[in-house]
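To be precise, the following lines are run-v2.txt, and they hold compact mmCIF, C-alpha atoms.
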```txt
# COMPACT_ATOMS: atom_id res chain seq x y z
CA MET U 1 32.80 -22.93 3.77
CA ILE U 2 29.25 -22.69 2.42
CA GLU U 3 27.28 -19.92 4.09
CA MET U 4 23.48 -20.07 4.03
CA GLU U 5 21.30 -16.99 3.51
CA ASP U 6 17.84 -16.26 4.85
CA GLU U 7 15.47 -16.35 1.87
CA PHE U 8 12.48 -14.03 1.60
CA LEU U 9 11.44 -14.11 -2.06
CA SER U 10 11.98 -16.60 -4.87
CA GLU U 11 14.79 -16.51 -7.42
CA GLU U 12 12.13 -15.85 -10.06
CA ASP U 13 10.96 -12.77 -8.18
CA LEU U 14 14.45 -11.46 -7.70
CA ASP U 15 15.27 -11.98 -11.39
CA LEU U 16 13.28 -8.81 -12.09
CA ARG U 17 16.52 -6.92 -11.42
CA ASN U 18 18.09 -8.42 -14.52
CA MET U 19 15.28 -7.39 -16.87
CA THR U 20 15.28 -4.40 -19.14
CA TRP U 21 12.41 -1.93 -18.60
CA GLU U 22 10.59 -3.36 -21.64
CA GLU U 23 10.99 -6.92 -20.32
CA LEU U 24 9.79 -5.87 -16.87
CA VAL U 25 6.67 -4.16 -18.26
CA ALA U 26 5.90 -7.14 -20.49
CA TYR U 27 6.21 -9.56 -17.55
CA TRP U 28 4.25 -7.23 -15.25
CA ASN U 29 1.41 -6.83 -17.77
CA LEU U 30 1.27 -10.57 -18.45
CA TRP U 31 1.14 -11.24 -14.71
CA LEU U 32 -1.73 -8.73 -14.30
CA LEU U 33 -3.60 -10.35 -17.19
CA GLN U 34 -3.21 -13.85 -15.78
CA ALA U 35 -4.18 -12.62 -12.32
CA GLN U 36 -7.61 -11.61 -13.63
CA ALA U 37 -8.54 -15.29 -13.43
CA THR U 38 -8.84 -14.97 -9.65
CA ASN U 39 -10.78 -11.67 -9.55
CA ASP U 40 -13.85 -13.28 -8.00
CA ALA U 41 -11.76 -14.92 -5.31
CA ASP U 42 -9.74 -11.85 -4.35
CA PRO U 43 -10.21 -10.21 -0.97
CA PRO U 44 -12.33 -7.06 -1.28
CA TYR U 45 -9.49 -4.72 -0.31
CA THR U 46 -5.70 -5.02 -0.50
CA HIS U 47 -4.76 -1.50 0.62
CA GLY U 48 -5.99 1.15 3.01
CA VAL U 49 -7.96 0.97 6.19
CA LEU U 50 -10.44 -1.67 4.97
CA VAL U 51 -7.94 -4.44 4.24
CA ASP U 52 -9.23 -6.70 6.95
CA MET U 53 -12.75 -6.67 5.48
CA THR U 54 -14.05 -9.93 4.09
CA TRP U 55 -16.76 -10.24 1.45
CA ASP U 56 -19.21 -10.95 4.28
CA ASP U 57 -18.51 -7.44 5.58
CA VAL U 58 -19.07 -5.68 2.24
CA PRO U 59 -22.67 -4.81 1.33
CA ARG U 60 -23.61 -6.59 -1.91
CA THR U 61 -26.66 -6.65 -4.14
CA ARG U 62 -29.14 -9.41 -3.44
CA GLU U 63 -29.70 -10.05 -7.14
CA THR U 64 -26.14 -10.41 -8.44
CA GLY U 65 -24.05 -10.68 -5.29
CA ARG U 66 -21.82 -7.89 -6.61
CA GLU U 67 -20.68 -5.09 -4.35
CA HIS U 68 -22.51 -1.78 -4.54
CA GLU U 69 -20.59 0.82 -6.57
CA ALA U 70 -21.37 4.52 -6.76
CA MET T 1 8.25 -3.21 -27.47
CA ALA T 2 6.13 -3.88 -24.40
CA ASP T 3 2.89 -1.99 -23.94
CA GLU T 4 2.86 0.61 -21.21
CA ASN T 5 1.89 -0.69 -17.82
CA PRO T 6 -1.56 0.51 -16.65
CA TYR T 7 -0.30 1.63 -13.25
CA VAL T 8 2.63 3.52 -14.72
CA GLU T 9 0.24 5.13 -17.21
CA LEU T 10 -2.19 6.12 -14.43
CA THR T 11 0.65 7.53 -12.33
CA ALA T 12 1.73 9.68 -15.29
CA ALA T 13 -1.86 10.88 -15.81
CA PHE T 14 -2.25 11.75 -12.13
CA ASN T 15 0.98 13.73 -12.28
CA GLN T 16 0.39 15.58 -15.51
CA GLY T 17 1.50 19.19 -14.97
CA ARG T 18 2.59 18.77 -11.34
CA LEU T 19 3.51 16.16 -8.75
CA ARG T 20 0.30 14.88 -7.17
CA ALA T 21 0.62 11.12 -6.68
CA ILE T 22 3.29 8.66 -5.59
CA LEU T 23 2.97 5.03 -6.63
CA SER T 24 2.97 3.00 -3.46
CA SER T 25 2.63 -0.45 -1.94
CA GLY T 26 2.64 -3.52 -4.22
CA GLN T 27 3.22 -1.71 -7.53
CA ALA T 28 6.09 0.22 -5.90
CA VAL T 29 7.55 -3.16 -4.97
CA VAL T 30 7.57 -4.01 -8.70
CA MET T 31 9.22 -0.69 -9.53
CA HIS T 32 11.96 -1.57 -7.02
CA ARG T 33 12.25 -4.85 -8.96
CA LEU T 34 11.57 -7.11 -6.02
CA ALA T 35 8.45 -9.03 -7.02
CA VAL T 36 5.17 -8.84 -8.91
CA MET T 37 2.72 -9.84 -6.23
CA SER T 38 -0.20 -7.37 -6.21
CA LYS T 39 -2.74 -6.58 -8.88
CA ASP T 40 -4.32 -3.50 -7.29
CA GLY T 41 -2.83 0.00 -7.43
CA ALA T 42 -2.22 2.28 -4.46
CA TRP T 43 -1.08 5.89 -4.44
CA ILE T 44 -0.21 8.51 -1.85
CA LEU T 45 -1.80 11.79 -2.88
CA ARG T 46 -0.95 15.32 -1.91
CA GLU T 47 -3.60 16.61 0.47
CA ASP T 48 -4.87 19.35 -1.78
CA ALA T 49 -8.31 20.00 -3.30
CA GLU T 50 -6.90 20.44 -6.83
CA VAL T 51 -5.24 17.03 -6.54
CA MET T 52 -8.51 15.35 -5.57
CA GLN T 53 -10.29 17.00 -8.50
CA HIS T 54 -7.56 16.05 -10.97
CA VAL T 55 -7.50 12.41 -9.87
CA LEU T 56 -11.30 12.28 -10.08
CA ASP T 57 -11.12 13.75 -13.59
CA VAL T 58 -8.55 11.16 -14.69
CA LEU T 59 -10.57 8.30 -13.24
CA GLY T 60 -13.86 9.74 -14.50
CA GLU T 61 -12.48 9.70 -18.06
CA ARG T 62 -11.79 6.01 -17.57
CA GLY T 63 -15.27 5.18 -16.29
CA ALA T 64 -14.26 4.55 -12.69
CA ARG T 65 -16.82 3.90 -9.95
CA TYR T 66 -16.54 4.39 -6.20
CA ARG T 67 -16.28 1.34 -4.00
CA LEU T 68 -17.15 1.41 -0.30
CA GLY T 69 -14.62 3.65 1.44
CA ALA T 70 -14.05 7.33 2.13
CA PRO T 71 -14.81 9.98 -0.47
CA LEU T 72 -11.77 11.28 -2.36
CA ASP T 73 -11.84 14.41 -0.26
CA CYS T 74 -9.11 15.96 1.90
CA ARG T 75 -11.33 16.19 4.98
CA TRP T 76 -11.52 12.41 5.30
CA LEU T 77 -8.13 11.51 3.85
CA ALA T 78 -6.50 13.83 6.42
CA GLY T 79 -7.98 11.55 9.06
CA GLY T 80 -6.12 8.56 7.64
CA TRP T 81 -9.06 7.16 5.67
CA SER T 82 -8.57 5.50 2.29
CA ALA T 83 -10.65 6.04 -0.86
CA HIS T 84 -11.27 3.14 -3.26
CA LEU T 85 -12.35 3.21 -6.89
CA GLU T 86 -12.36 0.69 -9.70
CA HIS T 87 -12.48 0.72 -13.48
CA ARG T 88 -11.75 -1.56 -16.38
CA ARG T 89 -9.03 -1.27 -19.00
CA GLY T 90 -9.65 -3.88 -21.66
CA PRO T 91 -9.51 -7.25 -19.92
CA LEU T 92 -8.08 -5.76 -16.71
CA ARG T 93 -9.99 -4.85 -13.59
CA LEU T 94 -8.05 -1.98 -12.06
CA ARG T 95 -8.67 -1.20 -8.43
CA THR T 96 -7.24 2.17 -7.44
CA ASP T 97 -6.70 2.96 -3.76
CA PHE T 98 -5.71 6.34 -2.31
CA VAL T 99 -4.46 7.83 0.94
CA THR T 100 -2.82 11.11 1.87
CA ARG T 101 -1.66 9.99 5.33
CA PRO T 102 0.00 6.63 4.93
CA PRO T 103 0.22 4.69 8.17
CA ARG T 104 3.36 4.71 10.30
CA LEU T 105 4.92 7.72 8.56
CA SER T 106 5.39 10.87 10.63
CA GLU T 107 4.74 14.31 9.20
CA GLY T 108 8.47 14.87 8.70
CA GLU T 109 8.87 11.50 6.99
CA LEU T 110 5.96 12.31 4.71
CA ASP T 111 7.59 15.64 3.78
CA ARG T 112 10.77 13.74 2.85
CA VAL T 113 8.72 11.25 0.82
CA TRP T 114 7.38 14.13 -1.31
CA ASN T 115 10.82 15.72 -1.68
CA ASP T 116 12.31 12.39 -2.78
CA ALA T 117 9.41 11.67 -5.16
CA ALA T 118 10.14 14.91 -7.00
CA THR T 119 13.42 13.34 -8.15
CA THR T 120 12.02 10.08 -9.55
CA ASP T 121 10.10 9.41 -12.74
CA PRO T 122 7.60 7.92 -12.26
CA PRO T 123 7.25 9.01 -8.63
CA VAL T 124 7.59 5.85 -6.55
CA LEU T 125 7.69 5.44 -2.79
CA GLY T 126 11.26 4.95 -1.57
CA LEU T 127 12.65 1.88 0.15
CA GLU T 128 12.42 2.98 3.79
CA PRO T 129 8.92 4.49 3.78
CA LEU T 130 7.73 1.52 1.71
CA ALA T 131 9.15 -0.83 4.35
CA LYS T 132 7.25 1.13 7.02
CA LEU T 133 4.02 0.87 5.06
CA LYS T 134 4.57 -2.86 4.72
CA LYS T 135 4.47 -3.35 8.49
CA THR T 136 0.91 -4.60 8.08
CA ASN T 137 -0.94 -7.58 9.52
CA ARG T 138 -0.09 -9.74 6.48
CA GLU T 139 2.75 -12.21 6.90
CA LYS T 140 3.82 -11.92 3.25
CA ASP T 141 4.65 -8.22 3.72
CA TYR T 142 7.44 -9.08 6.15
CA ALA T 143 9.18 -11.08 3.41
CA VAL T 144 9.01 -7.96 1.25
CA ILE T 145 10.47 -5.84 4.07
CA GLY T 146 13.31 -8.36 4.32
CA GLU T 147 14.25 -7.86 0.68
CA LEU T 148 13.65 -4.10 0.78
CA ALA T 149 16.12 -3.90 3.67
CA ARG T 150 18.75 -5.69 1.58
CA GLN T 151 18.38 -3.00 -1.10
CA MET T 152 18.85 -0.14 1.34
CA PRO T 153 22.25 1.42 0.74
CA GLU T 154 23.06 2.40 4.33
CA ALA T 155 23.90 0.04 7.20
CA ARG T 156 21.82 2.22 9.53
CA SER T 157 18.67 1.57 7.47
CA GLN T 158 19.45 -2.13 7.10
CA LEU T 159 19.80 -2.44 10.87
CA LEU T 160 16.44 -0.74 11.35
CA PHE T 161 14.54 -2.84 8.82
CA SER T 162 16.29 -6.19 8.26
CA ARG T 163 14.18 -9.30 8.86
CA SER T 164 17.18 -11.64 8.77
CA ALA T 165 19.01 -12.63 11.96
CA ARG T 166 22.03 -13.66 9.86
CA ASP T 167 22.12 -10.28 8.11
CA LEU T 168 21.77 -8.43 11.42
CA LEU T 169 24.60 -10.43 13.00
CA ARG T 170 26.86 -9.70 10.04
CA LEU T 171 25.99 -6.00 10.14
CA ALA T 172 26.53 -5.87 13.89
CA GLN T 173 30.06 -7.25 13.55
CA VAL T 174 31.01 -4.30 11.37
CA HIS T 175 28.82 -1.58 12.90
CA ARG T 176 28.82 -2.22 16.67
CA ASP T 177 28.49 1.51 17.44
CA LEU T 178 25.44 1.81 15.20
CA VAL T 179 23.78 -1.15 16.90
CA GLU T 180 24.07 0.59 20.27
CA GLU T 181 22.84 3.87 18.81
CA LEU T 182 19.82 2.33 17.07
CA ALA T 183 18.72 -0.02 19.85
CA GLY T 184 16.50 2.72 21.24
CA GLN T 185 14.57 2.75 17.97
CA ARG T 186 14.65 -1.02 17.49
CA PRO T 187 15.00 -2.82 20.82
CA LEU T 188 15.63 -6.24 19.25
CA LEU T 189 19.11 -5.01 18.31
CA LEU T 190 19.95 -5.48 22.00
CA ARG T 191 19.60 -9.24 21.37
CA VAL T 192 22.43 -9.33 18.83
CA ALA T 193 24.87 -10.27 21.57
CA ASP T 194 22.71 -13.28 22.46
CA GLY T 195 23.17 -14.97 19.08
CA ARG T 196 21.08 -16.13 16.17
CA ASP T 197 18.39 -18.10 18.03
CA ALA T 198 17.63 -15.22 20.38
CA LEU T 199 17.58 -12.76 17.51
CA GLU T 200 15.20 -14.92 15.48
CA GLU T 201 12.87 -15.14 18.46
CA ALA T 202 13.03 -11.37 18.81
CA LEU T 203 12.27 -10.91 15.08
CA ASP T 204 9.22 -13.17 15.42
CA ALA T 205 8.03 -11.26 18.49
CA GLU T 206 8.59 -7.93 16.76
CA ARG T 207 6.55 -9.08 13.76
CA ARG T 208 3.69 -10.26 15.96
CA ALA T 209 3.67 -6.94 17.85
CA LEU T 210 3.56 -5.00 14.57
CA ILE T 211 0.72 -7.18 13.30
CA ARG T 212 -1.29 -6.59 16.48
CA ALA T 213 -0.67 -2.83 16.34
CA ASN T 214 -1.94 -2.68 12.77
CA GLU T 215 -4.98 -4.81 13.60
CA LYS T 216 -5.85 -2.38 16.39
CA ARG T 217 -5.53 0.56 14.00
CA LEU T 218 -7.74 -1.07 11.36
CA LEU T 219 -10.35 -1.98 13.95
CA ALA T 220 -10.72 1.69 14.91
CA TYR T 221 -11.53 2.57 11.29
CA ARG T 222 -13.91 -0.37 10.85
CA GLU T 223 -15.85 0.65 13.94
CA ALA T 224 -15.94 4.30 12.86
CA MET T 225 -17.45 3.43 9.48
CA GLN T 226 -20.28 1.17 10.60
CA ALA T 227 -22.99 3.77 9.91
CA TRP T 228 -21.43 4.57 6.51
CA THR T 229 -21.32 0.88 5.58
CA ALA T 230 -24.99 0.56 6.50
CA VAL T 231 -26.10 3.40 4.20
CA TRP T 232 -23.67 2.56 1.37
CA PRO T 233 -26.15 0.46 -0.70
CA GLU T 234 -28.57 3.39 -0.66
CA VAL T 235 -25.80 5.87 -1.62
CA ALA T 236 -24.67 3.58 -4.42
CA ALA T 237 -28.21 3.25 -5.74
CA GLN T 238 -28.57 7.05 -5.73
CA ALA T 239 -25.34 7.48 -7.70
CA ALA T 240 -25.76 4.51 -10.02
CA ALA T 241 -25.25 5.28 -13.71
CA LEU T 242 -24.09 8.85 -13.01
CA PRO T 243 -20.73 10.10 -14.27
CA LEU T 244 -18.06 9.92 -11.58
CA ALA T 245 -18.07 13.70 -10.95
CA GLU T 246 -21.78 13.61 -10.12
CA ALA T 247 -21.49 10.38 -8.18
CA HIS T 248 -18.65 11.97 -6.17
CA ALA T 249 -20.86 14.91 -5.21
CA ILE T 250 -23.51 12.51 -3.91
CA VAL T 251 -20.97 10.37 -2.04
CA VAL T 252 -19.54 13.47 -0.33
CA GLU T 253 -22.94 14.88 0.57
CA ARG T 254 -24.12 11.57 2.01
CA ALA T 255 -20.87 10.92 3.90
CA GLU T 256 -20.99 14.26 5.71
CA GLY T 257 -22.31 13.65 9.19
CA VAL T 258 -22.23 9.87 8.77
CA LEU T 259 -18.56 9.06 8.24
CA PRO T 260 -16.41 10.87 10.84
CA TRP T 261 -13.38 12.79 9.56
CA ALA T 262 -11.24 10.42 11.61
CA PRO T 263 -11.88 7.60 14.06
CA PRO T 264 -11.77 8.60 17.73
CA ASP T 265 -8.18 8.76 19.02
CA GLU T 266 -6.76 8.42 15.53
CA ASN T 267 -4.36 11.22 14.67
CA GLY T 268 -4.54 10.99 10.94
CA GLY T 269 -2.60 7.80 10.37
CA ALA T 270 0.63 8.84 12.08
CA PRO T 271 2.13 6.28 14.47
```
What would the structure in this file look like if it were written as structure tokens?
Amino acid sequence: MIEMEDEFLSEEDLDLRNMTWEELVAYWNLWLLQAQATNDADPPYTHGVLVDMTWDDVPRTRETGREHEA
Amino acid sequence: MADENPYVELTAAFNQGRLRAILSSGQAVVMHRLAVMSKDGAWILREDAEVMQHVLDVLGERGARYRLGAPLDCRWLAGGWSAHLEHRRGPLRLRTDFVTRPPRLSEGELDRVWNDAATTDPPVLGLEPLAKLKKTNREKDYAVIGELARQMPEARSQLLFSRSARDLLRLAQVHRDLVEELAGQRPLLLRVADGRDALEEALDAERRALIRANEKRLLAYREAMQAWTAVWPEVAAQAAALPLAEAHAIVVERAEGVLPWAPPDENGGAP
């Protein structure tokens, strides 16, 4: 009898387990590089106590629209 | 041979000479070989002035700047606040986020996290505390918890963290005594006897309750930092173009008296 499983992540994700460390790092670095394409569209925070902030909540410079950095 | 990963390299730099930082959240998920799904880095730091200074030194050498958040200072981080910095490494924008009191971990659990981290290289947050951290208000984190639970070696842990009704039913068939024992910690285990539909409803309700609890926690911090957010552009202008060490001194001085050590009724991030 075929038994179904609840799926949480894709087969591609779970294939990380079969990679060597070098393969994992290469894939990870490539993913990070490709992900730079969406930098401007990313939410302002992905960790910590500010994760529910939107760009409307973050003070930004009038001239460039970039967030203020200290 | 693949280049070193920037987050692994930063973790090694933070920990040069002693254990100071544990790689957490999304990059820890990669280290557990579950998925690459986050491009920012998060670390749990030891709550110790030397640690703050060392991390600032490492980031200062890399040209990092503060983003709006708490100063990298034990007085605020002990109140559950997070500090946020950012720098560039070649084509990569690296956001680096820090806490010393990760949410939903008790003091005892945090002690165990540090003991366990001393045995891993690089230091990476373990499966169970990572699953607790992932009880956020983002739906995608519950998928991660589901897979983390499947990697947990003990049935007890799987019963406490599984997001799959099928998995829970299978576990319950073999570990009926454990289900009774753990139902006090996870009430939905009482629904195992009612079958898959009831258990799936209970999993959905549990997720919604966790999401609401986290939203309430985040709201307390957002409200407590309103005055700090308002003065941040002025603070940033004052520190603009200064090396990070000098910028840090300004950020700390300006935050004192404006950003409370902790939000009212918040006990430092513990549940």
Listed atoms of range 92-109 of chain T boxed along x, y and z, 8 Å each side, centre and edge lengths in Å, one decimal, as JSON:
```
{"center_x": -0.6, "center_y": 4.6, "center_z": -3.0, "size_x": 34.9, "size_y": 36.6, "size_z": 43.3}
```
Mind dumping a table of every chain T residue within 6 Å of chain U, with the nearest atom pair and its distance in Å to one decimal, using all atoms listed in the file, sorted by chain and rising number, as CSV?
```
residue,atom,partner,partner_atom,distance
T:Ala2,CA,U:Ala26,CA,5.1
T:Asn5,CA,U:Val25,CA,5.9
T:Arg33,CA,U:Leu16,CA,5.2
T:Leu34,CA,U:Leu14,CA,5.5
T:Ala35,CA,U:Asp13,CA,4.7
T:Lys39,CA,U:Leu32,CA,5.9
T:Arg65,CA,U:Ala70,CA,5.6
T:Tyr66,CA,U:Ala70,CA,4.9
T:Arg67,CA,U:Glu69,CA,5.0
T:Ser82,CA,U:Gly48,CA,5.1
T:Ala143,CA,U:Phe8,CA,4.8
T:Leu218,CA,U:Val49,CA,5.6
T:Pro233,CA,U:His68,CA,5.7
T:Ala236,CA,U:Ala70,CA,4.2
T:Ala239,CA,U:Ala70,CA,5.0
T:Ala240,CA,U:Ala70,CA,5.5
```
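Comparing the minimum interatomic distances between Asp57 in chain T and each of T:Thr120, T:Ser162, T:Gln16, T:Thr229, counting only C-alpha atoms, we find that T:Gln16 sits nearest.
Computed from the coordinates, the CA of Pro103 in chain T to CA of Arg62 in chain T distance equals 28.4 Å.
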Identify the residues within 10 Å of coordinate (-17.0, 9.8, 13.5) (same frame as the file), considering only C-alpha atoms, and give the answer as a ChimeraX atom specification.
-> /T:221,223-228,256-264
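Interatomic distance, CA of Leu23 in chain T against CA of Gly41 in chain T: 7.7 Å.
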Contacts of range 25-27 of chain T within 12 Å, only C-alpha atoms, excl. fewer than 6 positions in-chain, as a PyMOL selection string | (chain U and resi 25+28-29+32+46-48) or (chain T and resi 5-8+10-11+33-44+95-99+102-103+122-136+140-141+144-145+148)
CA of Ser24 in chain T and CA of Leu85 in chain T, how far apart in Å?
-> 15.7 Å
